[in-house]
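Enquirer: Supplied structure: target-v1.pdb, PDB, C-alpha atoms, pLDDT in the B column.
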ATOM      1  CA  MET U   1      -0.670 -12.817   6.701  1.00 81.00           C
ATOM      2  CA  SER U   2      -0.473 -10.388   9.614  1.00 93.00           C
ATOM      3  CA  LYS U   3      -3.614  -9.114  11.317  1.00 95.00           C
ATOM      4  CA  LYS U   4      -2.889  -5.584  10.058  1.00 94.00           C
ATOM      5  CA  LYS U   5      -2.498  -6.791   6.458  1.00 94.00           C
ATOM      6  CA  ARG U   6      -5.739  -8.793   6.714  1.00 94.00           C
ATOM      7  CA  ILE U   7      -7.595  -5.735   7.987  1.00 94.00           C
ATOM      8  CA  TYR U   8      -6.164  -3.788   5.048  1.00 94.00           C
ATOM      9  CA  THR U   9      -7.415  -6.421   2.572  1.00 92.00           C
ATOM     10  CA  ILE U  10     -10.857  -6.322   4.175  1.00 91.00           C
ATOM     11  CA  ILE U  11     -11.276  -2.530   4.216  1.00 90.00           C
ATOM     12  CA  GLN U  12      -9.926  -2.067   0.713  1.00 85.00           C
ATOM     13  CA  ILE U  13     -12.102  -3.076  -2.190  1.00 76.00           C
ATOM     14  CA  GLY U  14     -11.579  -6.801  -2.263  1.00 70.00           C
ATOM     15  CA  SER U  15     -11.838  -9.675  -4.649  1.00 72.00           C
ATOM     16  CA  ILE U  16     -15.103 -11.390  -5.410  1.00 75.00           C
ATOM     17  CA  ASP U  17     -14.028 -14.473  -3.473  1.00 84.00           C
ATOM     18  CA  ASP U  18     -13.151 -12.636  -0.242  1.00 86.00           C
ATOM     19  CA  ILE U  19     -16.439 -12.830   1.688  1.00 90.00           C
ATOM     20  CA  PRO U  20     -15.382 -10.620   4.659  1.00 91.00           C
ATOM     21  CA  SER U  21     -14.137  -7.929   2.271  1.00 89.00           C
ATOM     22  CA  ARG U  22     -17.311  -8.122   0.155  1.00 87.00           C
ATOM     23  CA  THR U  23     -19.450  -7.915   3.283  1.00 90.00           C
ATOM     24  CA  TYR U  24     -17.480  -4.899   4.496  1.00 90.00           C
ATOM     25  CA  ASP U  25     -17.797  -3.126   1.130  1.00 85.00           C
ATOM     26  CA  ILE U  26     -21.549  -3.675   1.031  1.00 86.00           C
ATOM     27  CA  ALA U  27     -22.018  -2.666   4.687  1.00 89.00           C
ATOM     28  CA  LEU U  28     -20.053   0.532   4.134  1.00 86.00           C
ATOM     29  CA  MET U  29     -22.020   1.416   1.021  1.00 84.00           C
ATOM     30  CA  LEU U  30     -25.265   0.718   2.852  1.00 87.00           C
ATOM     31  CA  ALA U  31     -24.139   2.940   5.750  1.00 87.00           C
ATOM     32  CA  VAL U  32     -23.412   5.749   3.287  1.00 83.00           C
ATOM     33  CA  VAL U  33     -26.847   5.459   1.673  1.00 84.00           C
ATOM     34  CA  ILE U  34     -28.618   5.293   5.053  1.00 88.00           C
ATOM     35  CA  ASN U  35     -26.695   8.292   6.332  1.00 84.00           C
ATOM     36  CA  ILE U  36     -27.490  10.356   3.256  1.00 80.00           C
ATOM     37  CA  PHE U  37     -31.154   9.375   3.592  1.00 85.00           C
ATOM     38  CA  ILE U  38     -31.101  10.577   7.212  1.00 85.00           C
ATOM     39  CA  ALA U  39     -29.478  13.874   6.201  1.00 78.00           C
ATOM     40  CA  ILE U  40     -32.205  14.470   3.624  1.00 78.00           C
ATOM     41  CA  PHE U  41     -35.120  13.133   5.689  1.00 84.00           C
ATOM     42  CA  GLU U  42     -34.214  15.381   8.642  1.00 80.00           C
ATOM     43  CA  THR U  43     -35.039  18.410   6.511  1.00 77.00           C
ATOM     44  CA  PHE U  44     -38.727  17.426   6.501  1.00 83.00           C
ATOM     45  CA  PRO U  45     -41.029  18.228   9.442  1.00 85.00           C
ATOM     46  CA  GLN U  46     -42.302  14.637   9.393  1.00 88.00           C
ATOM     47  CA  SER U  47     -38.901  13.512  10.660  1.00 87.00           C
ATOM     48  CA  ASP U  48     -39.610  14.942  14.138  1.00 89.00           C
ATOM     49  CA  ARG U  49     -41.515  11.788  15.099  1.00 93.00           C
ATOM     50  CA  TYR U  50     -38.450   9.680  14.325  1.00 93.00           C
ATOM     51  CA  LEU U  51     -35.767  11.977  15.717  1.00 90.00           C
ATOM     52  CA  TYR U  52     -34.552   9.550  18.393  1.00 94.00           C
ATOM     53  CA  ILE U  53     -34.123   6.607  16.016  1.00 95.00           C
ATOM     54  CA  LEU U  54     -32.542   8.854  13.385  1.00 92.00           C
ATOM     55  CA  ARG U  55     -29.968  10.045  15.942  1.00 91.00           C
ATOM     56  CA  VAL U  56     -29.202   6.472  17.016  1.00 95.00           C
ATOM     57  CA  VAL U  57     -28.758   5.289  13.426  1.00 94.00           C
ATOM     58  CA  GLU U  58     -26.687   8.378  12.615  1.00 90.00           C
ATOM     59  CA  SER U  59     -24.461   7.711  15.627  1.00 92.00           C
ATOM     60  CA  ILE U  60     -23.924   4.106  14.581  1.00 94.00           C
ATOM     61  CA  THR U  61     -23.073   5.008  10.985  1.00 91.00           C
ATOM     62  CA  VAL U  62     -20.738   7.837  12.010  1.00 90.00           C
ATOM     63  CA  LEU U  63     -19.002   5.497  14.451  1.00 94.00           C
ATOM     64  CA  PHE U  64     -18.614   3.007  11.596  1.00 94.00           C
ATOM     65  CA  PHE U  65     -17.167   5.761   9.353  1.00 91.00           C
ATOM     66  CA  THR U  66     -14.810   6.872  12.129  1.00 94.00           C
ATOM     67  CA  ILE U  67     -13.504   3.358  12.719  1.00 95.00           C
ATOM     68  CA  ASP U  68     -13.093   2.914   8.973  1.00 94.00           C
ATOM     69  CA  TYR U  69     -11.144   6.184   8.757  1.00 94.00           C
ATOM     70  CA  LEU U  70      -8.850   5.216  11.639  1.00 96.00           C
ATOM     71  CA  LEU U  71      -8.254   1.745  10.175  1.00 96.00           C
ATOM     72  CA  ARG U  72      -7.347   3.288   6.821  1.00 95.00           C
ATOM     73  CA  ILE U  73      -4.819   5.559   8.527  1.00 97.00           C
ATOM     74  CA  TRP U  74      -3.411   2.602  10.479  1.00 97.00           C
ATOM     75  CA  THR U  75      -3.029   0.443   7.341  1.00 96.00           C
ATOM     76  CA  ALA U  76      -1.857   3.225   5.007  1.00 96.00           C
ATOM     77  CA  THR U  77       1.601   1.635   4.700  1.00 95.00           C
ATOM     78  CA  TYR U  78       0.041  -1.107   2.545  1.00 94.00           C
ATOM     79  CA  LEU U  79      -1.593   1.455   0.299  1.00 92.00           C
ATOM     80  CA  TYR U  80       1.518   3.626  -0.042  1.00 94.00           C
ATOM     81  CA  LYS U  81       4.369   1.156  -0.222  1.00 93.00           C
ATOM     82  CA  GLY U  82       7.978   2.236  -0.054  1.00 92.00           C
ATOM     83  CA  VAL U  83       7.507   5.239   2.229  1.00 95.00           C
ATOM     84  CA  THR U  84       7.775   5.630   5.968  1.00 96.00           C
ATOM     85  CA  VAL U  85       4.791   4.917   8.190  1.00 96.00           C
ATOM     86  CA  ALA U  86       4.370   8.620   8.981  1.00 96.00           C
ATOM     87  CA  ARG U  87       4.582   9.585   5.307  1.00 97.00           C
ATOM     88  CA  ALA U  88       2.081   6.880   4.268  1.00 96.00           C
ATOM     89  CA  ARG U  89      -0.367   8.071   6.894  1.00 97.00           C
ATOM     90  CA  ARG U  90       0.029  11.708   5.838  1.00 97.00           C
ATOM     91  CA  LYS U  91      -0.473  10.717   2.209  1.00 96.00           C
ATOM     92  CA  PHE U  92      -3.759   9.027   3.075  1.00 95.00           C
ATOM     93  CA  ILE U  93      -4.958  11.807   5.391  1.00 95.00           C
ATOM     94  CA  PHE U  94      -4.374  14.434   2.704  1.00 94.00           C
ATOM     95  CA  SER U  95      -5.635  12.308  -0.203  1.00 91.00           C
ATOM     96  CA  TRP U  96      -9.075  12.971  -1.667  1.00 84.00           C
ATOM     97  CA  ALA U  97     -10.501   9.855   0.025  1.00 84.00           C
ATOM     98  CA  GLY U  98      -8.899  10.793   3.348  1.00 89.00           C
ATOM     99  CA  ILE U  99     -10.237  14.339   3.268  1.00 86.00           C
ATOM    100  CA  VAL U 100     -13.753  13.159   2.367  1.00 82.00           C
ATOM    101  CA  ASP U 101     -13.620  10.533   5.124  1.00 85.00           C
ATOM    102  CA  PHE U 102     -12.490  13.132   7.667  1.00 87.00           C
ATOM    103  CA  LEU U 103     -15.025  15.769   6.629  1.00 81.00           C
ATOM    104  CA  SER U 104     -17.842  13.247   6.667  1.00 80.00           C
ATOM    105  CA  CYS U 105     -17.157  12.456  10.340  1.00 84.00           C
ATOM    106  CA  VAL U 106     -15.997  15.693  11.959  1.00 82.00           C
ATOM    107  CA  PRO U 107     -19.314  17.653  11.879  1.00 79.00           C
ATOM    108  CA  TYR U 108     -20.874  14.975  14.067  1.00 83.00           C
ATOM    109  CA  TYR U 109     -18.211  15.373  16.773  1.00 85.00           C
ATOM    110  CA  LEU U 110     -17.876  19.176  16.838  1.00 81.00           C
ATOM    111  CA  PRO U 111     -20.797  19.814  19.241  1.00 81.00           C
ATOM    112  CA  PHE U 112     -19.190  17.441  21.777  1.00 83.00           C
ATOM    113  CA  PHE U 113     -16.067  19.601  21.861  1.00 83.00           C
ATOM    114  CA  PHE U 114     -17.819  22.956  21.561  1.00 79.00           C
ATOM    115  CA  PRO U 115     -21.168  22.553  23.395  1.00 78.00           C
ATOM    116  CA  ARG U 116     -21.801  26.288  23.806  1.00 76.00           C
ATOM    117  CA  VAL U 117     -21.967  26.776  20.071  1.00 71.00           C
ATOM    118  CA  ALA U 118     -23.647  23.461  19.264  1.00 68.00           C
ATOM    119  CA  VAL U 119     -26.601  25.120  17.550  1.00 64.00           C
ATOM    120  CA  ALA U 120     -24.325  27.175  15.314  1.00 63.00           C
ATOM    121  CA  LEU U 121     -22.236  24.102  14.515  1.00 62.00           C
ATOM    122  CA  ARG U 122     -25.313  22.203  13.332  1.00 61.00           C
ATOM    123  CA  MET U 123     -25.045  24.086  10.053  1.00 59.00           C
ATOM    124  CA  PHE U 124     -21.764  22.266   9.403  1.00 61.00           C
ATOM    125  CA  ARG U 125     -23.697  19.010   9.309  1.00 62.00           C
ATOM    126  CA  ILE U 126     -24.464  19.824   5.687  1.00 60.00           C
ATOM    127  CA  ILE U 127     -20.943  18.582   5.080  1.00 61.00           C
ATOM    128  CA  ARG U 128     -22.418  15.115   5.606  1.00 60.00           C
ATOM    129  CA  ILE U 129     -23.457  15.209   1.980  1.00 61.00           C
ATOM    130  CA  LEU U 130     -19.774  14.627   1.204  1.00 60.00           C
ATOM    131  CA  ARG U 131     -20.431  11.029   2.158  1.00 59.00           C
ATOM    132  CA  ILE U 132     -21.976  10.595  -1.260  1.00 59.00           C
ATOM    133  CA  PHE U 133     -18.412  10.660  -2.578  1.00 59.00           C
ATOM    134  CA  ARG U 134     -17.762   7.535  -0.515  1.00 57.00           C
ATOM    135  CA  ILE U 135     -20.129   5.587  -2.741  1.00 58.00           C
ATOM    136  CA  HIS U 136     -17.694   5.950  -5.622  1.00 55.00           C
ATOM    137  CA  HIS U 137     -14.889   5.119  -3.206  1.00 52.00           C
ATOM    138  CA  TYR U 138     -16.627   1.871  -2.221  1.00 52.00           C
ATOM    139  CA  SER U 139     -18.616   1.045  -5.315  1.00 57.00           C
ATOM    140  CA  ASP U 140     -17.046  -2.349  -5.895  1.00 56.00           C
ATOM    141  CA  PRO U 141     -20.292  -4.246  -5.208  1.00 55.00           C
ATOM    142  CA  LEU U 142     -21.624  -2.532  -8.322  1.00 54.00           C
ATOM    143  CA  LYS U 143     -18.697  -4.050 -10.226  1.00 59.00           C
ATOM    144  CA  VAL U 144     -19.765  -7.485  -9.001  1.00 60.00           C
ATOM    145  CA  ILE U 145     -23.216  -6.920 -10.472  1.00 55.00           C
ATOM    146  CA  GLY U 146     -21.556  -5.875 -13.724  1.00 58.00           C
ATOM    147  CA  GLN U 147     -19.422  -9.028 -13.729  1.00 63.00           C
ATOM    148  CA  VAL U 148     -22.483 -11.226 -13.200  1.00 64.00           C
ATOM    149  CA  LEU U 149     -24.314  -9.454 -16.020  1.00 59.00           C
ATOM    150  CA  THR U 150     -21.273  -9.904 -18.270  1.00 66.00           C
ATOM    151  CA  LYS U 151     -21.065 -13.614 -17.427  1.00 73.00           C
ATOM    152  CA  LYS U 152     -24.768 -14.131 -18.102  1.00 69.00           C
ATOM    153  CA  LYS U 153     -25.048 -11.828 -21.121  1.00 67.00           C
ATOM    154  CA  GLY U 154     -25.792 -14.723 -23.486  1.00 70.00           C
ATOM    155  CA  GLN U 155     -28.731 -15.858 -21.393  1.00 70.00           C
ATOM    156  CA  LEU U 156     -29.920 -12.284 -20.905  1.00 61.00           C
ATOM    157  CA  MET U 157     -29.735 -11.540 -24.639  1.00 65.00           C
ATOM    158  CA  SER U 158     -31.596 -14.758 -25.376  1.00 68.00           C
ATOM    159  CA  ASN U 159     -34.415 -13.636 -23.095  1.00 62.00           C
ATOM    160  CA  VAL U 160     -34.471 -10.146 -24.631  1.00 57.00           C
ATOM    161  CA  ILE U 161     -34.776 -11.691 -28.096  1.00 64.00           C
ATOM    162  CA  LYS U 162     -37.573 -13.984 -26.867  1.00 59.00           C
ATOM    163  CA  LEU U 163     -39.315 -10.963 -25.367  1.00 50.00           C
ATOM    164  CA  MET U 164     -39.059  -9.033 -28.626  1.00 53.00           C
ATOM    165  CA  THR U 165     -40.271 -11.908 -30.789  1.00 57.00           C
ATOM    166  CA  LYS U 166     -43.027 -13.252 -28.503  1.00 55.00           C
ATOM    167  CA  PRO U 167     -44.263 -10.441 -26.226  1.00 48.00           C
ATOM    168  CA  GLU U 168     -47.638 -12.150 -25.821  1.00 49.00           C
ATOM    169  CA  ARG U 169     -45.934 -14.765 -23.598  1.00 48.00           C
ATOM    170  CA  LEU U 170     -45.646 -12.149 -20.842  1.00 43.00           C
ATOM    171  CA  HIS U 171     -49.398 -11.844 -20.270  1.00 44.00           C
ATOM    172  CA  THR U 172     -49.699 -14.490 -17.600  1.00 44.00           C
ATOM    173  CA  GLU U 173     -47.639 -14.935 -14.472  1.00 41.00           C
ATOM    174  CA  LYS U 174     -47.201 -18.653 -15.195  1.00 43.00           C
ATOM    175  CA  SER U 175     -45.818 -18.082 -18.667  1.00 43.00           C
ATOM    176  CA  MET U 176     -43.534 -15.326 -17.373  1.00 42.00           C
ATOM    177  CA  GLY U 177     -41.705 -17.811 -15.132  1.00 45.00           C
ATOM    178  CA  SER U 178     -41.234 -20.295 -17.946  1.00 45.00           C
ATOM    179  CA  PHE U 179     -40.243 -17.447 -20.288  1.00 41.00           C
ATOM    180  CA  PHE U 180     -37.360 -16.265 -18.125  1.00 43.00           C
ATOM    181  CA  PHE U 181     -36.180 -19.649 -16.959  1.00 45.00           C
ATOM    182  CA  SER U 182     -36.288 -21.552 -20.270  1.00 46.00           C
ATOM    183  CA  TYR U 183     -32.609 -21.459 -21.235  1.00 39.00           C
TER     184      TYR U 183
END
Could you write out this file's structure as structure tokens?
Expert:
Amino acid sequence: MSKKKRIYTIIQIGSIDDIPSRTYDIALMLAVVINIFIAIFETFPQSDRYLYILRVVESITVLFFTIDYLLRIWTATYLYKGVTVARARRKFIFSWAGIVDFLSCVPYYLPFFFPRVAVALRMFRIIRILRIFRIHHYSDPLKVIGQVLTKKKGQLMSNVIKLMTKPERLHTEKSMGSFFFSY
């Protein structure tokens, strides 16, 4: 497998067995959640104490998003097979995921290109909330949890039935351990 194809398999939602792809999916979802937290937390006056660390973390996550966006453009030929490289890249750039990825990064960079109007451009940072759409885009780790729950549904149902028939067993910490681990 070529390096480009391997990068594509890592940045796309991967199989359960592909550890680098799983790690990437989880890291990207975590970056989205952290970035949204920062966007919300910055609206509170208490955030002033943490402004430096918030900016550093924001810079790291936006850099991660930017690299992800560029890698997705670079590997678009694997996503859109049967079209030219230029066409595949255009298709990704103008797809819903491509537009969200672009709009979630660009407000961060605008003040670097237009420093005289940096204060006015700060209002465009509200576009960062579009990153929430990335969670759906990268929600495969949630599917893994669903698969585990499906695999273990017999054991889970057994414990639910035990809980319903003998709720008094939950009163002590010791019995709780034996309750949930007595398959």
Enquirer: Please expand the PyMOL selection byres ((chain U and resi 71) around 12) into the concrete residues it hits in this file, giving the result as number ranges by chain.
Expert: U: 3-12, 64-70, 72-79, 89, 92-93, 98, 101
Enquirer: Have a look at atom CA of Val100 of chain U and atom CA of Val32 of chain U and let me know their distance in Å, one decimal.
Expert: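 Value for the atom CA of Val100 of chain U-atom CA of Val32 of chain U distance: 12.2 Å.
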Enquirer: Could you write out as AutoDock Vina command-line options the box around segment 53-71 of chain U (axis-aligned, all atoms listed in the file, 3 Å on each side), with centre and edge lengths in Å to one decimal?
Expert:
--center_x -21.2 --center_y 5.9 --center_z 12.9 --size_x 31.9 --size_y 14.3 --size_z 14.3
Enquirer: Between U:Ile40, U:Thr61, U:Ile53, U:Pro45, which has the minimum distance to Ala27 of chain U (counting only C-alpha atoms)?
Expert: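 When distances to Ala27 of chain U are compared using only C-alpha atoms, the smallest one comes from U:Thr61.
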Enquirer: Closest to Ala39 of chain U among U:Ser104, U:Phe94, U:Tyr80, U:Arg22, using all atoms listed in the file?
Expert: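 Distance minimum relative to Ala39 of chain U lands on U:Ser104.
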Enquirer: Quick one: which residues end up in the PyMOL selection byres ((chain U and resi 54) around 12) for this structure, as a list of chain:residue names?
Expert: U:Ile34, U:Asn35, U:Ile36, U:Phe37, U:Ile38, U:Ala39, U:Ile40, U:Phe41, U:Glu42, U:Ser47, U:Asp48, U:Arg49, U:Tyr50, U:Leu51, U:Tyr52, U:Ile53, U:Arg55, U:Val56, U:Val57, U:Glu58, U:Ser59, U:Ile60, U:Thr61, U:Val62
Enquirer: Would you work out the distance separating atom CA of Leu110 of chain U from atom CA of Trp96 of chain U, expressed in Å to one decimal?
Expert: 21.4 Å
Enquirer: Rounded to one decimal, what separation in Å do you get between atom CA of Tyr108 of chain U and atom CA of Ser95 of chain U?
Expert: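 Separating atom CA of Tyr108 of chain U from atom CA of Ser95 of chain U is a distance of 21.0 Å.
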Enquirer: Select, from U:Ala31, U:Leu63, U:Ile13, U:Met1, the residue with the minimum atom-to-atom distance to Tyr109 of chain U, counting all atoms listed in the file.
Expert: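 Nearest to Tyr109 of chain U: U:Leu63.
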